[in-house]
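So this block is data-v7.pdb, PDB, C-alpha atoms:
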ATOM      1  CA  MET A   7       0.000   0.000   0.000  1.00  0.00           C
ATOM      2  CA  GLU A   8       1.397   3.398  -0.983  1.00  0.00           C
ATOM      3  CA  THR A   9       0.276   7.018  -1.001  1.00  0.00           C
ATOM      4  CA  SER A  10       2.093  10.144  -2.170  1.00  0.00           C
ATOM      5  CA  VAL A  11       1.499  13.850  -2.662  1.00  0.00           C
ATOM      6  CA  THR A  12       3.357  16.594  -4.497  1.00  0.00           C
ATOM      7  CA  TYR A  13       2.945  20.043  -5.994  1.00  0.00           C
ATOM      8  CA  LEU A  14       4.090  19.672  -9.584  1.00  0.00           C
ATOM      9  CA  PHE A  15       7.100  21.899 -10.231  1.00  0.00           C
ATOM     10  CA  ASN A  16       6.540  23.416  -6.777  1.00  0.00           C
ATOM     11  CA  LEU A  17       3.342  25.140  -7.943  1.00  0.00           C
ATOM     12  CA  LYS A  18       0.828  25.087  -5.072  1.00  0.00           C
ATOM     13  CA  GLU A  19      -2.056  25.495  -7.499  1.00  0.00           C
ATOM     14  CA  VAL A  20      -1.172  22.117  -9.104  1.00  0.00           C
ATOM     15  CA  PRO A  21      -1.414  19.425  -6.386  1.00  0.00           C
ATOM     16  CA  PHE A  22      -1.016  15.823  -7.501  1.00  0.00           C
ATOM     17  CA  TYR A  23      -2.102  12.859  -5.342  1.00  0.00           C
ATOM     18  CA  ASN A  24      -1.495   9.116  -5.722  1.00  0.00           C
ATOM     19  CA  PHE A  25      -2.772   6.019  -3.933  1.00  0.00           C
ATOM     20  CA  HIS A  26      -1.842   2.429  -4.792  1.00  0.00           C
ATOM     21  CA  SER A  27      -2.497  -0.960  -3.238  1.00  0.00           C
ATOM     22  CA  GLY A  28      -1.641  -4.483  -4.322  1.00  0.00           C
ATOM     23  CA  ILE A  29      -1.982  -8.088  -3.187  1.00  0.00           C
ATOM     24  CA  HIS A  30      -0.648 -11.495  -4.270  1.00  0.00           C
ATOM     25  CA  LEU A  31      -2.970 -14.423  -4.866  1.00  0.00           C
ATOM     26  CA  GLY A  32      -0.875 -17.437  -5.764  1.00  0.00           C
ATOM     27  CA  ASN A  33       0.917 -16.665  -9.024  1.00  0.00           C
ATOM     28  CA  PHE A  34      -1.333 -13.674  -9.633  1.00  0.00           C
ATOM     29  CA  GLY A  35      -0.869 -10.094  -8.507  1.00  0.00           C
ATOM     30  CA  ILE A  36      -3.663  -7.514  -8.387  1.00  0.00           C
ATOM     31  CA  HIS A  37      -3.085  -3.764  -8.173  1.00  0.00           C
ATOM     32  CA  LEU A  38      -5.541  -0.907  -7.685  1.00  0.00           C
ATOM     33  CA  GLY A  39      -4.497   2.718  -8.048  1.00  0.00           C
ATOM     34  CA  ASN A  40      -5.773   6.251  -8.275  1.00  0.00           C
ATOM     35  CA  ALA A  41      -3.973   9.409  -9.429  1.00  0.00           C
ATOM     36  CA  PHE A  42      -5.623  12.812  -9.098  1.00  0.00           C
ATOM     37  CA  LEU A  43      -4.457  16.164 -10.491  1.00  0.00           C
ATOM     38  CA  ASN A  44      -6.439  19.112  -9.157  1.00  0.00           C
ATOM     39  CA  HIS A  45      -6.251  22.586 -10.718  1.00  0.00           C
ATOM     40  CA  GLU A  46      -8.992  25.202 -10.874  1.00  0.00           C
ATOM     41  CA  LEU A  47      -8.826  25.163 -14.678  1.00  0.00           C
ATOM     42  CA  TYR A  48      -7.976  21.498 -15.242  1.00  0.00           C
ATOM     43  CA  ARG A  49      -8.779  18.330 -13.292  1.00  0.00           C
ATOM     44  CA  GLU A  50      -7.659  14.836 -14.161  1.00  0.00           C
ATOM     45  CA  ASN A  51      -8.464  11.582 -12.384  1.00  0.00           C
ATOM     46  CA  LEU A  52      -7.011   8.210 -13.366  1.00  0.00           C
ATOM     47  CA  LEU A  53      -8.362   4.950 -11.919  1.00  0.00           C
ATOM     48  CA  GLU A  54      -6.207   1.914 -12.588  1.00  0.00           C
ATOM     49  CA  MET A  55      -6.622  -1.829 -12.177  1.00  0.00           C
ATOM     50  CA  SER A  56      -3.777  -4.167 -13.072  1.00  0.00           C
ATOM     51  CA  VAL A  57      -3.437  -7.939 -13.139  1.00  0.00           C
ATOM     52  CA  ALA A  58      -0.101  -9.742 -13.419  1.00  0.00           C
ATOM     53  CA  TYR A  59       0.800 -13.422 -13.691  1.00  0.00           C
ATOM     54  CA  ARG A  60       4.114 -14.988 -12.703  1.00  0.00           C
ATOM     55  CA  TRP A  61       5.462 -17.898 -14.738  1.00  0.00           C
ATOM     56  CA  GLN A  62       8.883 -19.097 -13.594  1.00  0.00           C
ATOM     57  CA  SER A  63      11.177 -16.039 -13.948  1.00  0.00           C
ATOM     58  CA  PHE A  64       8.675 -14.004 -15.969  1.00  0.00           C
ATOM     59  CA  LYS A  65       5.824 -11.693 -15.024  1.00  0.00           C
ATOM     60  CA  ILE A  66       3.232 -10.651 -17.590  1.00  0.00           C
ATOM     61  CA  GLY A  67       0.752  -7.905 -16.801  1.00  0.00           C
ATOM     62  CA  VAL A  68      -2.028  -5.801 -18.253  1.00  0.00           C
ATOM     63  CA  SER A  69      -3.621  -2.659 -16.872  1.00  0.00           C
ATOM     64  CA  ALA A  70      -7.005  -1.054 -17.531  1.00  0.00           C
ATOM     65  CA  ASN A  71      -7.210   2.688 -16.864  1.00  0.00           C
ATOM     66  CA  HIS A  72     -10.268   4.940 -16.638  1.00  0.00           C
ATOM     67  CA  LEU A  73      -9.391   8.574 -17.355  1.00  0.00           C
ATOM     68  CA  PHE A  74     -11.641  11.488 -16.369  1.00  0.00           C
ATOM     69  CA  VAL A  75     -10.745  14.968 -17.660  1.00  0.00           C
ATOM     70  CA  ALA A  76     -12.510  18.230 -16.802  1.00  0.00           C
ATOM     71  CA  VAL A  77     -11.419  21.507 -18.400  1.00  0.00           C
ATOM     72  CA  ALA A  78     -12.972  24.788 -17.247  1.00  0.00           C
ATOM     73  CA  ASN A  79     -15.687  26.053 -19.616  1.00  0.00           C
ATOM     74  CA  TYR A  80     -15.583  22.789 -21.594  1.00  0.00           C
ATOM     75  CA  GLU A  81     -17.446  19.513 -21.329  1.00  0.00           C
ATOM     76  CA  THR A  82     -15.914  16.746 -19.263  1.00  0.00           C
ATOM     77  CA  GLU A  83     -14.708  13.636 -21.030  1.00  0.00           C
ATOM     78  CA  THR A  84     -13.775  10.089 -20.107  1.00  0.00           C
ATOM     79  CA  ALA A  85     -11.692   7.434 -21.811  1.00  0.00           C
ATOM     80  CA  ILE A  86     -10.467   3.903 -21.143  1.00  0.00           C
ATOM     81  CA  LYS A  87      -6.943   2.912 -22.100  1.00  0.00           C
ATOM     82  CA  PHE A  88      -4.849  -0.217 -21.663  1.00  0.00           C
ATOM     83  CA  ASP A  89      -1.196  -0.790 -20.813  1.00  0.00           C
ATOM     84  CA  ALA A  90       0.804  -4.021 -21.076  1.00  0.00           C
ATOM     85  CA  GLY A  91       4.214  -5.232 -20.018  1.00  0.00           C
ATOM     86  CA  ILE A  92       6.538  -8.134 -19.306  1.00  0.00           C
ATOM     87  CA  ILE A  93       9.356  -8.539 -16.760  1.00  0.00           C
ATOM     88  CA  TYR A  94      12.152 -11.084 -16.436  1.00  0.00           C
ATOM     89  CA  GLU A  95      13.947 -11.334 -13.111  1.00  0.00           C
ATOM     90  CA  ASN A  96      16.387 -13.515 -11.246  1.00  0.00           C
ATOM     91  CA  LYS A  97      18.332 -13.077  -8.016  1.00  0.00           C
ATOM     92  CA  ASN A  98      20.604 -10.247  -9.210  1.00  0.00           C
ATOM     93  CA  PHE A  99      19.067  -8.916 -12.424  1.00  0.00           C
ATOM     94  CA  SER A 100      15.704  -7.828 -13.779  1.00  0.00           C
ATOM     95  CA  THR A 101      14.598  -6.320 -17.071  1.00  0.00           C
ATOM     96  CA  GLY A 102      11.206  -5.169 -18.255  1.00  0.00           C
ATOM     97  CA  PHE A 103       9.433  -3.894 -21.351  1.00  0.00           C
ATOM     98  CA  SER A 104       6.096  -2.082 -21.365  1.00  0.00           C
ATOM     99  CA  VAL A 105       3.820  -0.083 -23.635  1.00  0.00           C
ATOM    100  CA  LEU A 106       1.531   2.543 -22.113  1.00  0.00           C
ATOM    101  CA  ASN A 107      -1.694   3.176 -24.029  1.00  0.00           C
ATOM    102  CA  VAL A 108      -1.157   0.099 -26.152  1.00  0.00           C
ATOM    103  CA  SER A 109      -4.823   0.533 -27.101  1.00  0.00           C
ATOM    104  CA  GLN A 110      -4.002   3.928 -28.716  1.00  0.00           C
ATOM    105  CA  THR A 111      -6.973   5.515 -26.972  1.00  0.00           C
ATOM    106  CA  LYS A 112      -8.011   9.084 -27.751  1.00  0.00           C
ATOM    107  CA  CYS A 113      -9.425  11.697 -25.378  1.00  0.00           C
ATOM    108  CA  GLN A 114     -10.790  15.096 -26.385  1.00  0.00           C
ATOM    109  CA  ASN A 115     -10.160  14.067 -30.007  1.00  0.00           C
ATOM    110  CA  LYS A 116      -6.428  13.696 -29.333  1.00  0.00           C
ATOM    111  CA  LEU A 117      -4.353  10.542 -29.107  1.00  0.00           C
ATOM    112  CA  LEU A 118      -3.239   9.979 -25.532  1.00  0.00           C
ATOM    113  CA  PRO A 119       0.530   9.512 -25.160  1.00  0.00           C
ATOM    114  CA  VAL A 120       1.818   6.143 -26.353  1.00  0.00           C
ATOM    115  CA  VAL A 121       4.953   5.436 -24.322  1.00  0.00           C
ATOM    116  CA  ILE A 122       7.397   2.561 -24.850  1.00  0.00           C
ATOM    117  CA  ASN A 123       9.603   1.729 -21.854  1.00  0.00           C
ATOM    118  CA  TRP A 124      12.541  -0.613 -21.370  1.00  0.00           C
ATOM    119  CA  GLU A 125      14.298  -0.764 -18.014  1.00  0.00           C
ATOM    120  CA  SER A 126      16.881  -3.052 -16.414  1.00  0.00           C
ATOM    121  CA  CYS A 127      18.200  -3.260 -12.858  1.00  0.00           C
ATOM    122  CA  LEU A 128      21.397  -4.962 -11.661  1.00  0.00           C
ATOM    123  CA  THR A 129      22.221  -5.763  -8.047  1.00  0.00           C
ATOM    124  CA  ILE A 130      25.837  -4.643  -7.646  1.00  0.00           C
ATOM    125  CA  SER A 131      26.222  -5.734  -4.028  1.00  0.00           C
ATOM    126  CA  SER A 132      24.095  -6.508  -0.996  1.00  0.00           C
ATOM    127  CA  LYS A 133      23.768  -2.743  -0.461  1.00  0.00           C
ATOM    128  CA  SER A 134      23.624  -1.262  -3.970  1.00  0.00           C
ATOM    129  CA  LYS A 135      21.616  -1.430  -7.187  1.00  0.00           C
ATOM    130  CA  LEU A 136      22.020   0.275 -10.563  1.00  0.00           C
ATOM    131  CA  ALA A 137      19.317   0.711 -13.214  1.00  0.00           C
ATOM    132  CA  ILE A 138      19.210   1.959 -16.797  1.00  0.00           C
ATOM    133  CA  GLY A 139      16.242   2.596 -19.046  1.00  0.00           C
ATOM    134  CA  PHE A 140      14.990   4.008 -22.321  1.00  0.00           C
ATOM    135  CA  GLU A 141      11.691   5.771 -22.906  1.00  0.00           C
ATOM    136  CA  LYS A 142      10.089   6.704 -26.221  1.00  0.00           C
ATOM    137  CA  GLU A 143       6.881   8.711 -26.380  1.00  0.00           C
ATOM    138  CA  ASN A 144       5.135   9.369 -29.669  1.00  0.00           C
ATOM    139  CA  ASN A 145       6.190  12.714 -31.163  1.00  0.00           C
ATOM    140  CA  PHE A 146       9.179  12.933 -28.777  1.00  0.00           C
ATOM    141  CA  ASP A 147      12.798  11.787 -28.957  1.00  0.00           C
ATOM    142  CA  PHE A 148      14.226   8.891 -26.952  1.00  0.00           C
ATOM    143  CA  ALA A 149      14.905   9.626 -23.281  1.00  0.00           C
ATOM    144  CA  LEU A 150      17.774   7.833 -21.517  1.00  0.00           C
ATOM    145  CA  LYS A 151      17.465   7.221 -17.765  1.00  0.00           C
ATOM    146  CA  PHE A 152      19.835   6.068 -15.020  1.00  0.00           C
ATOM    147  CA  ALA A 153      19.075   5.356 -11.363  1.00  0.00           C
ATOM    148  CA  GLY A 154      20.882   4.022  -8.326  1.00  0.00           C
ATOM    149  CA  ARG A 155      20.175   2.950  -4.769  1.00  0.00           C
ATOM    150  CA  TYR A 156      22.573   2.508  -1.874  1.00  0.00           C
ATOM    151  CA  ASP A 157      21.539   1.126   1.510  1.00  0.00           C
ATOM    152  CA  PHE A 158      23.698   2.844   4.120  1.00  0.00           C
ATOM    153  CA  PHE A 159      21.927   1.087   7.000  1.00  0.00           C
ATOM    154  CA  ASN A 160      19.042  -1.344   7.371  1.00  0.00           C
ATOM    155  CA  SER A 161      16.725   1.616   7.882  1.00  0.00           C
ATOM    156  CA  PHE A 162      18.220   4.282   5.589  1.00  0.00           C
ATOM    157  CA  SER A 163      18.806   4.334   1.819  1.00  0.00           C
ATOM    158  CA  LEU A 164      19.840   6.946  -0.734  1.00  0.00           C
ATOM    159  CA  LEU A 165      18.235   7.179  -4.185  1.00  0.00           C
ATOM    160  CA  THR A 166      19.673   8.988  -7.209  1.00  0.00           C
ATOM    161  CA  SER A 167      18.525   9.352 -10.815  1.00  0.00           C
ATOM    162  CA  TYR A 168      19.387  11.131 -14.044  1.00  0.00           C
ATOM    163  CA  GLN A 169      17.372  11.529 -17.227  1.00  0.00           C
ATOM    164  CA  TYR A 170      18.744  12.787 -20.510  1.00  0.00           C
ATOM    165  CA  ASN A 171      16.440  14.586 -22.952  1.00  0.00           C
ATOM    166  CA  PRO A 172      15.061  16.408 -21.136  1.00  0.00           C
ATOM    167  CA  ASP A 173      17.800  16.753 -18.535  1.00  0.00           C
ATOM    168  CA  ARG A 174      16.467  15.923 -15.073  1.00  0.00           C
ATOM    169  CA  ILE A 175      18.274  14.983 -11.857  1.00  0.00           C
ATOM    170  CA  GLY A 176      16.633  13.312  -8.878  1.00  0.00           C
ATOM    171  CA  ILE A 177      17.715  12.483  -5.350  1.00  0.00           C
ATOM    172  CA  GLY A 178      15.819  10.928  -2.486  1.00  0.00           C
ATOM    173  CA  THR A 179      16.001   9.223   0.890  1.00  0.00           C
ATOM    174  CA  VAL A 180      14.182   6.190   2.269  1.00  0.00           C
ATOM    175  CA  PHE A 181      13.576   5.616   5.987  1.00  0.00           C
ATOM    176  CA  ASP A 182      12.322   2.161   6.994  1.00  0.00           C
ATOM    177  CA  ILE A 183      10.530   1.632  10.309  1.00  0.00           C
ATOM    178  CA  GLY A 184       9.096  -1.861  10.546  1.00  0.00           C
ATOM    179  CA  ASN A 185       6.620  -2.302   7.707  1.00  0.00           C
ATOM    180  CA  PHE A 186       6.512   1.439   7.061  1.00  0.00           C
ATOM    181  CA  HIS A 187       8.686   3.190   4.461  1.00  0.00           C
ATOM    182  CA  PHE A 188       8.939   6.983   4.383  1.00  0.00           C
ATOM    183  CA  ILE A 189      10.344   8.444   1.169  1.00  0.00           C
ATOM    184  CA  TYR A 190      11.275  12.029   0.392  1.00  0.00           C
ATOM    185  CA  SER A 191      12.638  12.944  -3.026  1.00  0.00           C
ATOM    186  CA  VAL A 192      13.197  15.954  -5.226  1.00  0.00           C
ATOM    187  CA  ARG A 193      13.549  16.163  -9.000  1.00  0.00           C
ATOM    188  CA  THR A 194      14.828  18.949 -11.198  1.00  0.00           C
ATOM    189  CA  HIS A 195      13.487  20.040 -14.571  1.00  0.00           C
ATOM    190  CA  GLN A 196      15.401  21.552 -17.460  1.00  0.00           C
ATOM    191  CA  TYR A 197      13.159  24.620 -17.548  1.00  0.00           C
ATOM    192  CA  LEU A 198      10.714  24.478 -14.606  1.00  0.00           C
ATOM    193  CA  ASN A 199      10.995  24.509 -10.806  1.00  0.00           C
ATOM    194  CA  LEU A 200      11.876  21.568  -8.574  1.00  0.00           C
ATOM    195  CA  THR A 201       9.230  18.964  -7.794  1.00  0.00           C
ATOM    196  CA  HIS A 202       9.201  17.565  -4.235  1.00  0.00           C
ATOM    197  CA  TYR A 203       7.650  14.170  -3.496  1.00  0.00           C
ATOM    198  CA  VAL A 204       6.513  12.748  -0.147  1.00  0.00           C
ATOM    199  CA  THR A 205       5.566   9.062  -0.146  1.00  0.00           C
ATOM    200  CA  ILE A 206       4.442   6.651   2.574  1.00  0.00           C
ATOM    201  CA  LYS A 207       4.434   2.893   1.947  1.00  0.00           C
ATOM    202  CA  TYR A 208       3.197   0.061   4.121  1.00  0.00           C
ATOM    203  CA  ASP A 209       3.915  -3.626   3.514  1.00  0.00           C
ATOM    204  CA  LEU A 210       0.745  -5.626   4.038  1.00  0.00           C
TER     205      LEU A 210
END

Let me see the structure of the file written as structure tokens.
Amino acid sequence: METSVTYLFNLKEVPFYNFHSGIHLGNFGIHLGNAFLNHELYRENLLEMSVAYRWQSFKIGVSANHLFVAVANYETETAIKFDAGIIYENKNFSTGFSVLNVSQTKCQNKLLPVVINWESCLTISSKSKLAIGFEKENNFDFALKFAGRYDFFNSFSLLTSYQYNPDRIGIGTVFDIGNFHFIYSVRTHQYLNLTHYVTIKYDL
């Protein structure tokens, strides 16, 4: 179970909220999520339900998303889109490929972003991990991403990330207290203000 809140680009008039929860049922995993962007001129709510199946070292998943968009002085509109992905993982390595909006759904007569992701993560040591990824959104160039994690203590970890095109740097800390995980992170933007994230996770 996880919840987070932020003001996008440190703009108090653009709060963004997230809530996610997931359970395992045998080889299946079920995830429910909600993301809500609230602005006086634009509101967006995304409800998500995902189902994944594990087969040996592979996980295959599909997600159904209900999007609600309300623009001031315009009619509201809804749309349903689908995402899909596959992950391979072993003890020290994992790699995944996904396509967001694989259904090529439109909303307000415009194609919603179709995003292709590939990411891999390598366990360097018992305390450190390194990840690399590529992202390609329709009508945009490839974005290259790097991320790292280092566990200084059992209850404290440092997170770092870098994205090229657009250039973005991220840094964060994780504090673990029992089943609770408290995460604070900040991310730069090439042209806009910093975005601060506060996240609370609980292991069911």

### Task
Pick out the residues sitting within 6 Å of region 11-28 of chain A, and hand them over as a ChimeraX atom specification; count only C-alpha atoms, and ignore anything fewer than 6 positions along from it in its own chain.
/A:36-45,199-204

### Message
Residues near Phe162 (chain A), anyone? I mean within 6 Å using only C-alpha atoms, not counting same-chain ones fewer than 3 positions away, as number ranges by chain.
### Response
A: 158-159, 180-181

### Task
Evaluate the PyMOL selection byres ((chain A and resi 182) around 10) on the structure here and hand back the selected residues as a VMD selection string.
chain A and resid 159 to 163 180 to 181 183 to 189 207 to 208

### Task
Name the residues that the PyMOL selection byres ((chain A and resi 114) around 12) pulls out of this structure, and write them as a PyMOL selection string.
chain A and resi 73-77+80-85+111-113+115-118

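Closest to Ala90 (chain A) among A:Gln62, A:Ser56, A:Thr205, A:Gln169 is A:Ser56, based on only C-alpha atoms.
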
### Task
Using the chain letters and residue numbers of this document, give as a PyMOL selection string the residues selected by the PyMOL selection byres ((chain A and resi 132) around 12).
chain A and resi 97-98+128-131+133-136+155-160

#### Entry: Coordinates-based distance that separates CA of Lys65 (chain A) from CA of Tyr170 (chain A) (Å, one decimal)
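Separation between CA of Tyr170 (chain A) and CA of Lys65 (chain A): 28.2 Å.
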
### Task
State, in Å with one decimal place, the distance from CA of Val120 (chain A) to CA of Val105 (chain A).
7.1 Å

#### Entry: Atomic separation - CA of Ala149 (chain A) relative to CA of Trp124 (chain A), Å
10.7 Å

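The shortest atom-to-atom distance to Phe64 (chain A), with all atoms listed in the file taken into account, belongs to A:Thr101 out of A:Leu31, A:Glu46, A:Thr101, A:Asn51.
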
So that I can check the surroundings of Gly178 (chain A), please list as a PDB file with C-alpha atoms, keeping the file's coordinate frame every protein, DNA and RNA residue that reaches within 7 Å of it, counting all atoms listed in the file and ignoring chain neighbours fewer than 6 positions away.
ATOM      1  CA  LEU A 164      19.840   6.946  -0.734  1.00  0.00           C
ATOM      2  CA  LEU A 165      18.235   7.179  -4.185  1.00  0.00           C
ATOM      3  CA  THR A 166      19.673   8.988  -7.209  1.00  0.00           C
ATOM      4  CA  TYR A 190      11.275  12.029   0.392  1.00  0.00           C
ATOM      5  CA  SER A 191      12.638  12.944  -3.026  1.00  0.00           C
ATOM      6  CA  VAL A 192      13.197  15.954  -5.226  1.00  0.00           C
TER       7      VAL A 192
END

Adding 5 Å on each side of the box along x, y and z that holds all listed atoms of region 119-138 of chain A, could you give its centre and edge lengths in Å to one decimal, as lines of an AutoDock Vina configuration file?
center_x = 13.4
center_y = 1.5
center_z = -13.4
size_x = 35.7
size_y = 26.0
size_z = 35.9

### Task
Compare A:Leu150, A:Ile175, A:Lys87, A:Leu210 by their minimum atom-to-atom distance to Ile29 (chain A), counting only C-alpha atoms, and give me the closest one.
A:Leu210

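Proximity to Lys142 (chain A) was assessed for A:Phe103, A:Tyr197, A:Tyr48, A:Phe88 counting all atoms listed in the file; the smallest distance is recorded for A:Phe103.
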
Do you know which residues lie at most 8 Å from (18.8, 20.6, -10.4), with coordinates as in the file and all atoms listed in the file counted, and could you write them as an mmCIF file with C-alpha atoms, in the frame of the given file?
data_model
loop_
_atom_site.group_PDB
_atom_site.id
_atom_site.type_symbol
_atom_site.label_atom_id
_atom_site.label_comp_id
_atom_site.auth_asym_id
_atom_site.auth_seq_id
_atom_site.Cartn_x
_atom_site.Cartn_y
_atom_site.Cartn_z
ATOM 1 C CA ARG A 174 16.467 15.923 -15.073
ATOM 2 C CA ILE A 175 18.274 14.983 -11.857
ATOM 3 C CA GLY A 176 16.633 13.312 -8.878
ATOM 4 C CA ARG A 193 13.549 16.163 -9.000
ATOM 5 C CA THR A 194 14.828 18.949 -11.198
ATOM 6 C CA HIS A 195 13.487 20.040 -14.571
ATOM 7 C CA GLN A 196 15.401 21.552 -17.460
ATOM 8 C CA LEU A 200 11.876 21.568 -8.574
#
